[in-house]
>>> print(open('my_file-v1.txt').read())   # compact mmCIF, C-alpha atoms and all ligand atoms
# COMPACT_ATOMS: atom_id res chain seq x y z
CA MET A 1 0.00 0.00 0.00
CA ALA A 2 1.21 3.46 -0.84
CA VAL A 3 1.76 5.70 2.15
CA TYR A 4 0.49 9.19 1.47
CA LYS A 5 1.99 12.31 2.98
CA ALA A 6 1.05 15.96 2.72
CA PRO A 7 2.70 17.42 -0.41
CA ARG A 8 6.13 19.01 0.07
CA GLY A 9 5.85 22.56 1.42
CA THR A 10 2.35 22.04 2.85
CA HIS A 11 1.37 21.13 6.39
CA ASP A 12 -1.60 19.88 8.35
CA ILE A 13 -2.89 22.27 10.98
CA PHE A 14 -4.24 20.76 14.18
CA GLY A 15 -4.01 20.90 17.97
CA GLN A 16 -2.45 24.02 19.47
CA LEU A 17 -1.58 25.45 16.07
CA ALA A 18 -5.22 25.27 14.95
CA LEU A 19 -6.29 27.07 18.13
CA ALA A 20 -3.55 29.68 17.70
CA LEU A 21 -4.60 30.28 14.10
CA GLU A 22 -8.20 30.76 15.18
CA LYS A 23 -7.11 33.29 17.81
CA LEU A 24 -4.93 35.12 15.27
CA ASP A 25 -7.90 35.24 12.90
CA MET A 26 -10.14 36.63 15.65
CA ILE A 27 -7.67 39.31 16.78
CA SER A 28 -6.92 40.42 13.20
CA ARG A 29 -10.60 40.58 12.26
CA LYS A 30 -11.32 42.69 15.32
CA MET A 31 -8.57 45.10 14.34
CA PHE A 32 -9.69 45.22 10.68
CA LYS A 33 -13.23 46.00 11.77
CA LYS A 34 -12.08 48.75 14.14
CA HIS A 35 -10.43 50.38 11.12
CA ASN A 36 -13.65 49.87 9.12
CA PHE A 37 -12.17 47.38 6.61
CA LYS A 38 -14.90 45.18 5.10
CA GLU A 39 -14.32 41.53 4.24
CA VAL A 40 -14.09 40.31 0.64
CA LYS A 41 -13.65 36.62 -0.18
CA THR A 42 -12.24 35.94 -3.62
CA PRO A 43 -11.70 32.59 -5.38
CA ILE A 44 -8.57 30.58 -4.71
CA PHE A 45 -7.82 30.46 -8.45
CA GLU A 46 -8.01 33.18 -11.08
CA ASP A 47 -7.09 33.78 -14.72
CA VAL A 48 -3.29 33.47 -14.79
CA ASN A 49 -2.97 36.78 -16.64
CA LEU A 50 -4.40 38.66 -13.67
CA PHE A 51 -1.29 37.74 -11.68
CA THR A 52 1.18 38.10 -14.55
CA ARG A 53 -0.10 41.62 -15.31
CA SER A 54 -0.18 42.81 -11.72
CA ILE A 55 2.75 41.10 -10.00
CA GLY A 56 5.04 41.53 -13.00
CA GLU A 57 6.48 39.17 -15.63
CA SER A 58 10.04 39.31 -14.37
CA THR A 59 9.28 38.70 -10.69
CA ASP A 60 10.21 35.42 -8.98
CA ILE A 61 6.53 34.77 -8.27
CA VAL A 62 5.52 34.90 -11.93
CA GLU A 63 8.71 33.42 -13.39
CA LYS A 64 9.12 30.48 -11.05
CA GLU A 65 6.52 30.14 -8.34
CA MET A 66 2.98 30.05 -9.69
CA TYR A 67 0.86 26.93 -9.74
CA VAL A 68 -0.57 27.20 -13.24
CA PHE A 69 -3.01 24.74 -14.75
CA GLU A 70 -5.59 24.40 -17.48
CA ASP A 71 -9.16 23.47 -16.71
CA ARG A 72 -11.16 21.06 -18.89
CA LYS A 73 -12.10 23.85 -21.29
CA GLY A 74 -8.48 24.91 -21.73
CA ARG A 75 -8.73 28.06 -19.59
CA LYS A 76 -5.33 28.96 -18.15
CA LEU A 77 -5.71 29.46 -14.41
CA ALA A 78 -3.38 29.91 -11.45
CA LEU A 79 -3.74 29.23 -7.74
CA ARG A 80 -3.50 32.68 -6.18
CA PRO A 81 0.03 33.51 -4.99
CA GLU A 82 -1.21 36.62 -3.13
CA GLY A 83 -4.43 38.51 -2.43
CA THR A 84 -4.01 42.05 -3.77
CA ALA A 85 -4.52 41.26 -7.46
CA SER A 86 -7.73 39.33 -6.75
CA LEU A 87 -9.08 42.07 -4.49
CA VAL A 88 -8.43 44.69 -7.17
CA ARG A 89 -10.09 42.45 -9.77
CA ALA A 90 -13.17 42.18 -7.51
CA TYR A 91 -13.12 45.96 -6.87
CA ILE A 92 -13.29 46.65 -10.61
CA GLU A 93 -15.76 43.84 -11.38
CA HIS A 94 -18.30 44.95 -8.74
CA ASN A 95 -17.81 48.73 -9.13
CA PHE A 96 -16.90 49.07 -5.47
CA ASN A 97 -15.75 52.63 -6.27
CA GLN A 98 -19.44 53.52 -6.72
CA THR A 99 -21.03 51.37 -4.07
CA GLU A 100 -18.61 51.61 -1.16
CA PRO A 101 -18.30 54.95 0.64
CA VAL A 102 -14.65 54.19 1.47
CA GLY A 103 -12.60 51.56 -0.31
CA LYS A 104 -11.37 49.64 2.73
CA PHE A 105 -11.30 45.86 2.44
CA PHE A 106 -9.73 42.87 4.14
CA TYR A 107 -9.28 39.22 3.20
CA SER A 108 -7.85 36.05 4.63
CA GLY A 109 -7.00 32.71 3.15
CA GLU A 110 -4.55 30.33 1.56
CA MET A 111 -1.95 31.43 -0.97
CA PHE A 112 0.26 29.20 -3.12
CA ARG A 113 3.86 29.67 -4.25
CA TYR A 114 6.22 27.03 -5.54
CA GLU A 115 9.14 28.12 -3.33
CA ARG A 116 11.93 26.07 -1.78
CA PRO A 117 10.37 25.07 1.56
CA GLN A 118 12.09 25.94 4.83
CA ALA A 119 11.01 27.15 8.27
CA GLY A 120 8.56 29.99 7.67
CA ARG A 121 8.40 29.39 3.90
CA TYR A 122 5.78 27.07 2.49
CA ARG A 123 4.11 26.27 -0.79
CA GLN A 124 0.69 26.71 0.75
CA PHE A 125 0.46 29.40 3.42
CA SER A 126 -2.17 31.76 4.84
CA GLN A 127 -2.33 35.50 4.65
CA MET A 128 -4.54 38.11 6.25
CA GLY A 129 -4.45 41.34 4.35
CA ALA A 130 -6.01 44.77 4.15
CA GLU A 131 -6.27 47.08 1.15
CA TYR A 132 -7.20 50.77 1.21
CA LEU A 133 -8.31 51.78 -2.28
CA GLY A 134 -8.98 55.28 -3.55
CA ASN A 135 -7.08 57.32 -0.97
CA PRO A 136 -3.93 58.95 -2.38
CA SER A 137 -3.09 60.70 0.89
CA PRO A 138 -0.14 59.72 3.12
CA ASN A 139 -2.74 59.19 5.88
CA ALA A 140 -3.79 55.98 4.17
CA ASP A 141 -0.18 54.68 4.10
CA ALA A 142 0.23 55.52 7.78
CA GLU A 143 -3.09 53.92 8.71
CA ILE A 144 -2.14 50.71 6.87
CA ILE A 145 1.27 50.51 8.58
CA LEU A 146 -0.25 51.25 11.98
CA ALA A 147 -3.04 48.67 11.52
CA ALA A 148 -0.46 46.00 10.62
CA SER A 149 1.73 46.75 13.61
CA GLU A 150 -1.27 46.99 15.95
CA ILE A 151 -2.22 43.41 15.00
CA LEU A 152 1.30 42.14 15.65
CA LYS A 153 1.41 43.94 18.99
CA ALA A 154 -2.02 42.62 19.96
CA LEU A 155 -0.59 39.13 19.42
CA GLY A 156 2.10 39.95 21.98
CA ILE A 157 4.97 40.16 19.47
CA LYS A 158 7.39 42.63 20.95
CA ASP A 159 10.53 42.48 18.83
CA ILE A 160 9.12 43.93 15.62
CA LYS A 161 10.93 46.38 13.37
CA ILE A 162 9.24 48.36 10.64
CA HIS A 163 11.43 48.75 7.53
CA LEU A 164 10.29 51.63 5.35
CA ASN A 165 11.26 52.88 1.91
CA SER A 166 9.83 54.80 -1.01
CA LEU A 167 10.05 53.52 -4.58
CA GLY A 168 8.80 56.82 -6.04
CA CYS A 169 6.50 57.12 -9.03
CA SER A 170 7.06 56.00 -12.61
CA SER A 171 8.80 59.25 -13.54
CA CYS A 172 11.31 59.46 -10.70
CA ARG A 173 11.91 55.73 -10.73
CA ALA A 174 13.18 55.93 -14.33
CA GLY A 175 16.12 58.03 -13.11
CA PHE A 176 16.81 55.59 -10.28
CA ARG A 177 16.68 52.68 -12.71
CA GLN A 178 19.26 54.37 -14.91
CA LYS A 179 21.57 54.99 -11.95
CA LEU A 180 21.23 51.36 -10.88
CA VAL A 181 21.99 50.04 -14.37
CA GLU A 182 25.16 52.17 -14.44
CA TYR A 183 26.15 51.04 -10.95
CA PHE A 184 25.50 47.31 -11.41
CA SER A 185 27.04 47.22 -14.90
CA SER A 186 30.39 48.08 -13.30
CA ILE A 187 30.28 44.90 -11.17
CA ASP A 188 31.77 41.93 -13.06
CA ASP A 189 30.80 38.80 -11.19
CA LEU A 190 27.04 39.17 -10.74
CA CYS A 191 25.08 35.97 -10.14
CA GLU A 192 23.05 34.53 -13.00
CA ASP A 193 19.73 35.93 -11.74
CA CYS A 194 21.19 39.42 -11.27
CA ARG A 195 22.71 39.41 -14.77
CA ARG A 196 19.34 38.50 -16.23
CA ARG A 197 17.47 41.10 -14.17
CA LEU A 198 19.88 43.92 -14.90
CA GLU A 199 18.06 44.61 -18.14
CA LYS A 200 14.51 43.71 -17.21
CA ASN A 201 14.21 44.84 -13.61
CA PRO A 202 17.36 46.32 -12.04
CA LEU A 203 15.55 47.21 -8.78
CA ARG A 204 15.31 43.52 -7.98
CA LEU A 205 19.11 43.31 -7.70
CA LEU A 206 18.92 45.30 -4.49
CA ASP A 207 17.51 42.38 -2.54
CA CYS A 208 19.65 39.65 -4.12
CA LYS A 209 20.78 37.40 -1.28
CA ILE A 210 23.82 36.08 -3.18
CA ASP A 211 25.41 39.33 -4.33
CA ALA A 212 24.37 41.59 -1.43
CA ALA A 213 27.91 41.78 0.05
CA LYS A 214 29.34 43.09 -3.25
CA PHE A 215 27.02 46.08 -3.29
CA GLN A 216 28.66 48.97 -1.46
CA ASN A 217 27.45 52.58 -1.77
CA VAL A 218 24.56 51.60 -4.01
CA PRO A 219 22.54 54.59 -5.28
CA THR A 220 19.38 55.08 -3.21
CA MET A 221 15.87 55.90 -4.35
CA GLN A 222 15.82 58.83 -1.90
CA GLU A 223 18.38 60.66 -4.06
CA CYS A 224 16.05 60.34 -7.05
CA LEU A 225 12.59 61.07 -5.59
CA CYS A 226 10.68 63.86 -7.34
CA SER A 227 9.37 66.61 -5.08
CA ASP A 228 5.82 65.16 -4.84
CA CYS A 229 7.08 61.70 -3.90
CA LYS A 230 9.56 63.21 -1.46
CA THR A 231 6.83 65.23 0.26
CA HIS A 232 4.55 62.18 0.36
CA PHE A 233 7.26 60.09 1.97
CA GLU A 234 8.07 62.79 4.54
CA GLN A 235 4.41 63.09 5.44
CA VAL A 236 4.06 59.33 5.93
CA GLN A 237 7.02 59.49 8.30
CA ASN A 238 5.65 62.50 10.17
CA LEU A 239 2.33 60.74 10.64
CA LEU A 240 4.05 57.61 11.96
CA LYS A 241 6.07 59.76 14.36
CA SER A 242 2.92 61.52 15.53
CA ALA A 243 1.48 58.08 16.38
CA GLU A 244 4.74 57.22 18.23
CA CYS A 245 5.41 54.42 15.77
CA GLU A 246 9.08 53.58 15.40
CA TYR A 247 10.48 52.63 11.99
CA GLU A 248 13.76 52.58 10.15
CA ILE A 249 14.50 53.60 6.58
CA ASN A 250 15.80 50.67 4.55
CA HIS A 251 17.13 51.84 1.17
CA LYS A 252 17.41 48.26 -0.06
CA LEU A 253 13.77 47.41 0.50
CA VAL A 254 12.32 46.97 -3.00
CA ARG A 255 9.77 44.15 -2.50
CA GLY A 256 9.23 41.17 -4.77
CA LEU A 257 6.14 42.43 -6.62
CA ASP A 258 6.20 45.04 -9.39
CA TYR A 259 2.99 46.92 -8.65
CA TYR A 260 4.38 49.15 -5.90
CA THR A 261 4.73 52.93 -6.13
CA ARG A 262 6.00 55.27 -3.39
CA THR A 263 5.73 53.75 0.11
CA VAL A 264 6.84 50.17 0.70
CA PHE A 265 7.34 48.49 4.06
CA GLU A 266 8.04 45.21 5.81
CA ILE A 267 7.58 44.37 9.45
CA ARG A 268 10.27 41.96 10.56
CA SER A 269 10.95 40.03 13.72
CA ALA A 270 14.39 38.89 14.85
CA SER A 271 12.96 35.83 16.59
CA VAL A 272 11.95 33.73 13.57
CA GLY A 273 15.16 33.06 11.61
CA SER A 274 15.87 33.97 8.01
CA GLN A 275 12.23 34.24 6.88
CA ASP A 276 11.78 37.25 9.10
CA ALA A 277 9.17 39.31 7.23
CA LEU A 278 5.98 38.79 9.19
CA CYS A 279 4.08 41.28 7.18
CA ALA A 280 4.64 43.45 4.11
CA GLY A 281 2.93 45.91 1.87
CA GLY A 282 2.93 49.30 0.26
CA ARG A 283 1.27 51.70 -2.11
CA TYR A 284 0.15 50.75 -5.61
CA ASP A 285 -1.22 53.84 -7.32
CA ASN A 286 -1.42 52.42 -10.87
CA LEU A 287 -2.62 48.86 -10.36
CA VAL A 288 -6.38 49.40 -10.61
CA GLU A 289 -5.90 51.30 -13.87
CA GLU A 290 -3.47 48.68 -15.22
CA LEU A 291 -6.10 46.02 -14.61
CA GLY A 292 -8.76 47.92 -16.54
CA GLY A 293 -10.26 50.22 -13.89
CA MET A 294 -9.96 53.95 -13.29
CA LYS A 295 -7.03 55.63 -11.60
CA VAL A 296 -7.49 54.55 -7.98
CA PRO A 297 -4.41 55.20 -5.81
CA SER A 298 -4.22 52.49 -3.17
CA VAL A 299 -2.16 50.99 -0.38
CA GLY A 300 -2.28 47.72 1.55
CA PHE A 301 -0.50 44.97 3.42
CA ALA A 302 -0.64 41.24 4.04
CA LEU A 303 0.68 39.30 6.99
CA GLY A 304 1.84 35.71 6.72
CA CYS A 305 -0.07 33.76 9.37
CA GLU A 306 2.50 30.94 9.77
CA ARG A 307 5.41 33.33 10.29
CA VAL A 308 3.38 35.56 12.57
CA LEU A 309 2.48 32.54 14.70
CA MET A 310 6.14 31.46 14.86
CA ALA A 311 6.99 34.88 16.31
CA ALA A 312 3.89 34.95 18.51
CA GLU A 313 4.74 31.53 19.98
CA LYS A 314 8.16 32.86 21.05
CA ASN A 315 6.27 35.61 22.90
CA GLY A 316 4.00 33.25 24.84
CA PHE A 317 0.95 33.40 22.54
CA PHE A 318 0.43 29.63 22.79
CA ASN A 319 0.25 29.62 26.60
CA GLY A 320 -3.21 28.91 27.91
CA LEU A 321 -4.79 28.49 24.49
CA ASN A 322 -8.06 26.69 24.94
CA ASP A 323 -11.63 26.81 23.83
CA GLY A 324 -13.12 26.77 27.32
CA GLU A 325 -13.54 24.41 30.26
CA ILE A 326 -14.58 20.83 29.67
CA VAL A 327 -17.53 19.47 31.63
CA PHE A 328 -17.63 15.67 31.38
CA ILE A 329 -20.95 13.86 31.73
CA ALA A 330 -20.43 10.44 33.35
CA VAL A 331 -22.99 7.68 33.87
CA ALA A 332 -22.55 5.39 36.91
CA ASP A 333 -25.56 3.29 36.02
CA GLN A 334 -26.28 2.74 32.33
CA GLU A 335 -30.04 2.76 33.06
CA LEU A 336 -29.60 6.53 33.37
CA PHE A 337 -27.87 6.97 30.02
CA TYR A 338 -30.90 8.58 28.34
CA HIS A 339 -31.34 11.01 31.23
CA ALA A 340 -27.65 11.89 31.05
CA PHE A 341 -27.90 12.36 27.28
CA ALA A 342 -30.90 14.68 27.68
CA PHE A 343 -29.02 16.59 30.40
CA SER A 344 -25.98 17.10 28.16
CA ASN A 345 -28.26 18.59 25.52
CA LYS A 346 -29.90 20.93 28.00
CA LEU A 347 -26.45 22.04 29.14
CA LEU A 348 -25.32 22.60 25.54
CA THR A 349 -28.29 24.85 24.82
CA ASN A 350 -28.39 26.25 28.37
CA LYS A 351 -32.08 25.39 28.49
CA ASP A 352 -33.87 27.03 31.46
CA ASN A 353 -30.50 28.62 32.28
CA ILE A 354 -29.35 25.28 33.59
CA ALA A 355 -25.63 25.98 33.04
CA ASP A 356 -25.84 29.14 35.13
CA ALA A 357 -28.01 27.48 37.79
CA LEU A 358 -25.42 24.72 38.21
CA GLY A 359 -22.58 27.25 38.40
CA PHE A 360 -20.97 26.48 35.01
CA ASN A 361 -19.89 29.98 34.11
CA GLY A 362 -18.02 31.12 31.05
CA ASN A 363 -17.21 29.07 27.99
CA ILE A 364 -18.02 25.44 28.65
CA ILE A 365 -17.34 22.46 26.41
CA ILE A 366 -19.45 19.39 26.98
CA GLU A 367 -18.15 15.86 26.50
CA GLY A 368 -20.12 12.63 27.02
CA PRO A 369 -22.10 10.71 28.06
CA PHE A 370 -20.74 7.35 26.81
CA ASN A 371 -22.73 4.14 27.06
CA ASP A 372 -19.89 1.75 26.29
CA LYS A 373 -17.49 2.52 29.12
CA SER A 374 -17.17 1.57 32.76
CA LEU A 375 -17.32 4.42 35.27
CA LYS A 376 -13.59 3.95 35.86
CA SER A 377 -12.75 4.41 32.20
CA GLN A 378 -15.11 7.39 31.98
CA PHE A 379 -13.15 9.07 34.79
CA LYS A 380 -9.87 8.20 33.09
CA LEU A 381 -11.12 9.79 29.88
CA ALA A 382 -12.30 12.87 31.77
CA ASP A 383 -8.78 13.20 33.21
CA ARG A 384 -7.11 12.73 29.83
CA LEU A 385 -9.34 15.40 28.33
CA GLY A 386 -8.40 17.75 31.18
CA ALA A 387 -12.05 18.12 32.25
CA LYS A 388 -12.49 20.67 35.03
CA LYS A 389 -15.79 19.21 36.24
CA THR A 390 -17.56 15.87 35.90
CA VAL A 391 -21.31 15.53 36.28
CA ILE A 392 -22.16 12.03 37.53
CA PHE A 393 -25.51 10.32 37.05
CA GLY A 394 -25.78 7.75 39.89
CA LYS A 395 -28.86 5.66 40.69
CA ASN A 396 -29.32 6.59 44.35
CA GLU A 397 -28.82 10.28 43.84
CA PHE A 398 -30.99 10.39 40.71
CA ASP A 399 -33.85 8.58 42.49
CA ASN A 400 -33.70 11.42 45.01
CA GLY A 401 -33.83 14.09 42.29
CA LYS A 402 -30.10 14.84 42.42
CA ILE A 403 -26.91 14.59 40.37
CA VAL A 404 -23.30 14.82 41.54
CA ILE A 405 -20.83 17.45 40.37
CA LYS A 406 -17.20 16.53 40.91
CA ASP A 407 -14.47 19.15 40.78
CA MET A 408 -11.68 17.32 38.95
CA VAL A 409 -8.98 19.58 40.38
CA THR A 410 -9.89 19.54 44.11
CA LYS A 411 -11.68 16.14 43.81
CA GLU A 412 -14.52 17.59 45.91
CA GLN A 413 -18.00 16.24 45.13
CA LYS A 414 -21.33 17.91 45.76
CA GLU A 415 -24.90 16.83 45.16
CA VAL A 416 -27.22 19.28 43.41
CA LEU A 417 -30.92 19.15 42.69
CA TYR A 418 -31.79 18.21 39.13
CA LYS A 419 -35.26 17.73 37.77
CA ASN A 420 -35.53 15.86 34.51
P1 LIG B 501 4.44 39.41 0.15
O1 LIG B 501 5.60 40.11 0.75
O2 LIG B 501 4.70 38.59 -1.04
O3 LIG B 501 3.36 40.54 -0.18
O4 LIG B 501 3.73 38.50 1.24
C1 LIG B 501 3.27 39.05 2.46
C2 LIG B 501 3.63 38.14 3.61
O5 LIG B 501 3.19 36.80 3.34
C3 LIG B 501 5.13 37.99 3.84
O6 LIG B 501 5.64 39.07 4.60
C4 LIG B 501 5.20 36.68 4.58
O7 LIG B 501 4.91 36.86 5.96
C5 LIG B 501 4.07 35.87 3.95
N1 LIG B 501 4.62 34.95 2.93
C6 LIG B 501 4.96 35.20 1.67
N2 LIG B 501 5.41 34.07 1.06
C7 LIG B 501 5.34 33.08 1.97
C8 LIG B 501 5.64 31.67 1.96
N3 LIG B 501 6.09 31.06 0.87
N4 LIG B 501 5.45 30.96 3.10
C9 LIG B 501 4.97 31.55 4.21
N5 LIG B 501 4.66 32.88 4.27
C10 LIG B 501 4.83 33.63 3.17
C11 LIG B 501 2.13 40.26 -0.73
O8 LIG B 501 1.67 39.17 -0.86
C12 LIG B 501 1.36 41.51 -1.06
N6 LIG B 501 0.09 41.11 -1.65
C13 LIG B 501 1.15 42.38 0.17
C14 LIG B 501 0.37 43.60 -0.13
C15 LIG B 501 -0.95 43.81 0.11
N7 LIG B 501 0.83 44.68 -0.70
C16 LIG B 501 -0.15 45.57 -0.82
N8 LIG B 501 -1.22 45.04 -0.35
>>> encode(input="my_file-v1.txt", output="structure tokens")
Amino acid sequence: MAVYKAPRGTHDIFGQLALALEKLDMISRKMFKKHNFKEVKTPIFEDVNLFTRSIGESTDIVEKEMYVFEDRKGRKLALRPEGTASLVRAYIEHNFNQTEPVGKFFYSGEMFRYERPQAGRYRQFSQMGAEYLGNPSPNADAEIILAASEILKALGIKDIKIHLNSLGCSSCRAGFRQKLVEYFSSIDDLCEDCRRRLEKNPLRLLDCKIDAAKFQNVPTMQECLCSDCKTHFEQVQNLLKSAECEYEINHKLVRGLDYYTRTVFEIRSASVGSQDALCAGGRYDNLVEELGGMKVPSVGFALGCERVLMAAEKNGFFNGLNDGEIVFIAVADQELFYHAFAFSNKLLTNKDNIADALGFNGNIIIEGPFNDKSLKSQFKLADRLGAKKTVIFGKNEFDNGKIVIKDMVTKEQKEVLYKN
């Protein structure tokens, strides 16, 4: 028999990780809603050209990492490698610019990239992202950066660093591109990727991991920013300072997707190894228009749930994760099984406020009853499940209109009145 395993670069999520992911989802959603971002769910696959057009033909994602396939009618589709392109496609398709008073949206879900797997880098991973469409002002950039860092802080991640840069607009970037071509052309032993990119996309050389050490005194985008882009970038920084948000300028931050204009940022954590970008984003003023819409200047971010949870775990996020307190329903005499079953249902629905009347406050989880186990093995199971309380249906007590509640921690037992 063949033994099947999860495909390389994917992982099953269960146990503590599943609970942590649920909590991350809850905290992020709360933060998105506070900022008035509205949820949009888009399909997991789209026309491949949507991603090629938006992310850029000469990016790693499009060149090497997309899962592309044809459906039975020969349509060329791709599993989404990120969420921004799909969100923009939905924005244009549903005329959100006319129906939504502000263009603030969030999404969450699985993304797919055929990357070399390692800790924090997977072929299927989850993102939660927010996009602010239609606001050209630096306020929107600052709000996006603050919302991202608020989520990370709410998860208890303390060692975060915001890396900030501006990539300018198409006019000032042309000058920067020229300077980079001149600079990199003078370096002889560039790696194969860098040599190839020098013509197509010289900005991408700035974050080459192989050649980084060779690049001293590289020209910076700041030297080339036009006055509008410069003012925009200064205002973003002033707004961040006014919100007491610390950041550092990183001239080498260029990002791996081509749609960015002006502000780009990454939020990194030192506690998760080489895949340290927990969250990333920036402004994309031309993307909506490039995909067939109007000119809608926009900015957004996405956080990588797996990486965020790796950092959160180091900061104690996994301590005390649980869904509530387990109440175990045990049957001492199987004659009472049906009564115990009915009781467990009443407790589940809190019929006649029974949970409150019996002192089960807060979030309770109900397990049992079982009709195929001895009382001893029911108690063993209650212990293994970590039940805080066990409700016991015993013949004598039940005949007197009572049930027994056992505190599994103190082992104290008390009889309480219970009418069927
Ligand atoms: P990105 O930098 O490609 O940007 O991805 C955002 C985050 O997703 C990364 O910072 C990282 O945490 C996580 N991530 C990316 N690839 C992987 C992987 N292979 N395994 C695990 N986690 C990964 C975007 O996707 C843009 N759409 C962000 C954005 C939104 N820009 C504007 N709006």
>>> atom_distance(input="my_file-v1.txt", atom1="atom N4 of ligand LIG 501 (chain B)", atom2="atom CA of A:Arg113")
7.6 Å
>>> residues_around(input="my_file-v1.txt", residues="A:Ser54", least_positions_apart="5", cutoff="7 Å", atoms="only C-alpha atoms", output="list of chain:residue names")
A:Ala85, A:Tyr259, A:Leu287
>>> residues_around(input="my_file-v1.txt", residues="stretch 372-380 of chain A", least_positions_apart="2", cutoff="12 Å", atoms="only C-alpha atoms", output="ChimeraX atom specification")
/A:327-334,337,367-370,382-394,406-408,411
>>> residues_around(input="my_file-v1.txt", residues="A:Cys224", least_positions_apart="4", cutoff="8 Å", atoms="all atoms listed in the file", output="list in words")
Cys172, Arg173, Gly175, Phe176 and Thr220 of chain A
>>> write_last_selection(input="my_file-v1.txt", atoms="C-alpha atoms", output="PDB file, in the frame of the given file")
ATOM      1  CA  CYS A 172      11.310  59.460 -10.700  1.00  0.00           C
ATOM      2  CA  ARG A 173      11.910  55.730 -10.730  1.00  0.00           C
ATOM      3  CA  GLY A 175      16.120  58.030 -13.110  1.00  0.00           C
ATOM      4  CA  PHE A 176      16.810  55.590 -10.280  1.00  0.00           C
ATOM      5  CA  THR A 220      19.380  55.080  -3.210  1.00  0.00           C
TER       6      THR A 220
END
>>> closest_atom_pairs(input="my_file-v1.txt", of="chain A", to="ligand LIG 501 (chain B)", cutoff="7 Å", atoms="only C-alpha atoms and all ligand atoms", output="JSON lines")
{"residue": "A:Glu82", "atom": "CA", "partner": "B:LIG501", "partner_atom": "O8", "distance": 4.5}
{"residue": "A:Gly83", "atom": "CA", "partner": "B:LIG501", "partner_atom": "N6", "distance": 5.3}
{"residue": "A:Thr84", "atom": "CA", "partner": "B:LIG501", "partner_atom": "N6", "distance": 4.7}
{"residue": "A:Arg113", "atom": "CA", "partner": "B:LIG501", "partner_atom": "N3", "distance": 5.8}
{"residue": "A:Glu115", "atom": "CA", "partner": "B:LIG501", "partner_atom": "N3", "distance": 6.0}
{"residue": "A:Gly120", "atom": "CA", "partner": "B:LIG501", "partner_atom": "C9", "distance": 5.2}
{"residue": "A:Arg121", "atom": "CA", "partner": "B:LIG501", "partner_atom": "N4", "distance": 3.4}
{"residue": "A:Tyr122", "atom": "CA", "partner": "B:LIG501", "partner_atom": "N4", "distance": 4.0}
{"residue": "A:Arg123", "atom": "CA", "partner": "B:LIG501", "partner_atom": "N3", "distance": 5.4}
{"residue": "A:Gln124", "atom": "CA", "partner": "B:LIG501", "partner_atom": "N4", "distance": 6.8}
{"residue": "A:Phe125", "atom": "CA", "partner": "B:LIG501", "partner_atom": "C9", "distance": 5.1}
{"residue": "A:Ser126", "atom": "CA", "partner": "B:LIG501", "partner_atom": "N5", "distance": 6.9}
{"residue": "A:Gln127", "atom": "CA", "partner": "B:LIG501", "partner_atom": "O5", "distance": 5.8}
{"residue": "A:Gly129", "atom": "CA", "partner": "B:LIG501", "partner_atom": "C15", "distance": 6.0}
{"residue": "A:Ala130", "atom": "CA", "partner": "B:LIG501", "partner_atom": "C15", "distance": 6.5}
{"residue": "A:Glu131", "atom": "CA", "partner": "B:LIG501", "partner_atom": "N8", "distance": 5.6}
{"residue": "A:Arg255", "atom": "CA", "partner": "B:LIG501", "partner_atom": "O1", "distance": 6.7}
{"residue": "A:Gly256", "atom": "CA", "partner": "B:LIG501", "partner_atom": "O2", "distance": 6.4}
{"residue": "A:Leu257", "atom": "CA", "partner": "B:LIG501", "partner_atom": "O2", "distance": 6.9}
{"residue": "A:Glu266", "atom": "CA", "partner": "B:LIG501", "partner_atom": "O6", "distance": 6.7}
{"residue": "A:Ala277", "atom": "CA", "partner": "B:LIG501", "partner_atom": "O6", "distance": 4.4}
{"residue": "A:Leu278", "atom": "CA", "partner": "B:LIG501", "partner_atom": "O7", "distance": 3.9}
{"residue": "A:Cys279", "atom": "CA", "partner": "B:LIG501", "partner_atom": "O6", "distance": 3.7}
{"residue": "A:Ala280", "atom": "CA", "partner": "B:LIG501", "partner_atom": "O6", "distance": 4.5}
{"residue": "A:Gly281", "atom": "CA", "partner": "B:LIG501", "partner_atom": "N7", "distance": 3.5}
{"residue": "A:Gly282", "atom": "CA", "partner": "B:LIG501", "partner_atom": "C16", "distance": 5.0}
{"residue": "A:Arg283", "atom": "CA", "partner": "B:LIG501", "partner_atom": "C16", "distance": 6.4}
{"residue": "A:Val299", "atom": "CA", "partner": "B:LIG501", "partner_atom": "C16", "distance": 5.8}
{"residue": "A:Gly300", "atom": "CA", "partner": "B:LIG501", "partner_atom": "N8", "distance": 3.5}
{"residue": "A:Phe301", "atom": "CA", "partner": "B:LIG501", "partner_atom": "C15", "distance": 3.5}
{"residue": "A:Ala302", "atom": "CA", "partner": "B:LIG501", "partner_atom": "C13", "distance": 4.4}
{"residue": "A:Leu303", "atom": "CA", "partner": "B:LIG501", "partner_atom": "C2", "distance": 4.6}
{"residue": "A:Gly304", "atom": "CA", "partner": "B:LIG501", "partner_atom": "O7", "distance": 3.4}
{"residue": "A:Cys305", "atom": "CA", "partner": "B:LIG501", "partner_atom": "O7", "distance": 6.8}
{"residue": "A:Glu306", "atom": "CA", "partner": "B:LIG501", "partner_atom": "C9", "distance": 6.1}
{"residue": "A:Arg307", "atom": "CA", "partner": "B:LIG501", "partner_atom": "O7", "distance": 5.6}
{"residue": "A:Val308", "atom": "CA", "partner": "B:LIG501", "partner_atom": "O7", "distance": 6.9}
>>> residues_near_point(input="my_file-v1.txt", point="(-19.1, 20.6, 23.4)", cutoff="10 Å", atoms="all atoms listed in the file", output="MDAnalysis selection string")
chainID A and resid 323:328 344:345 347:348 363:368
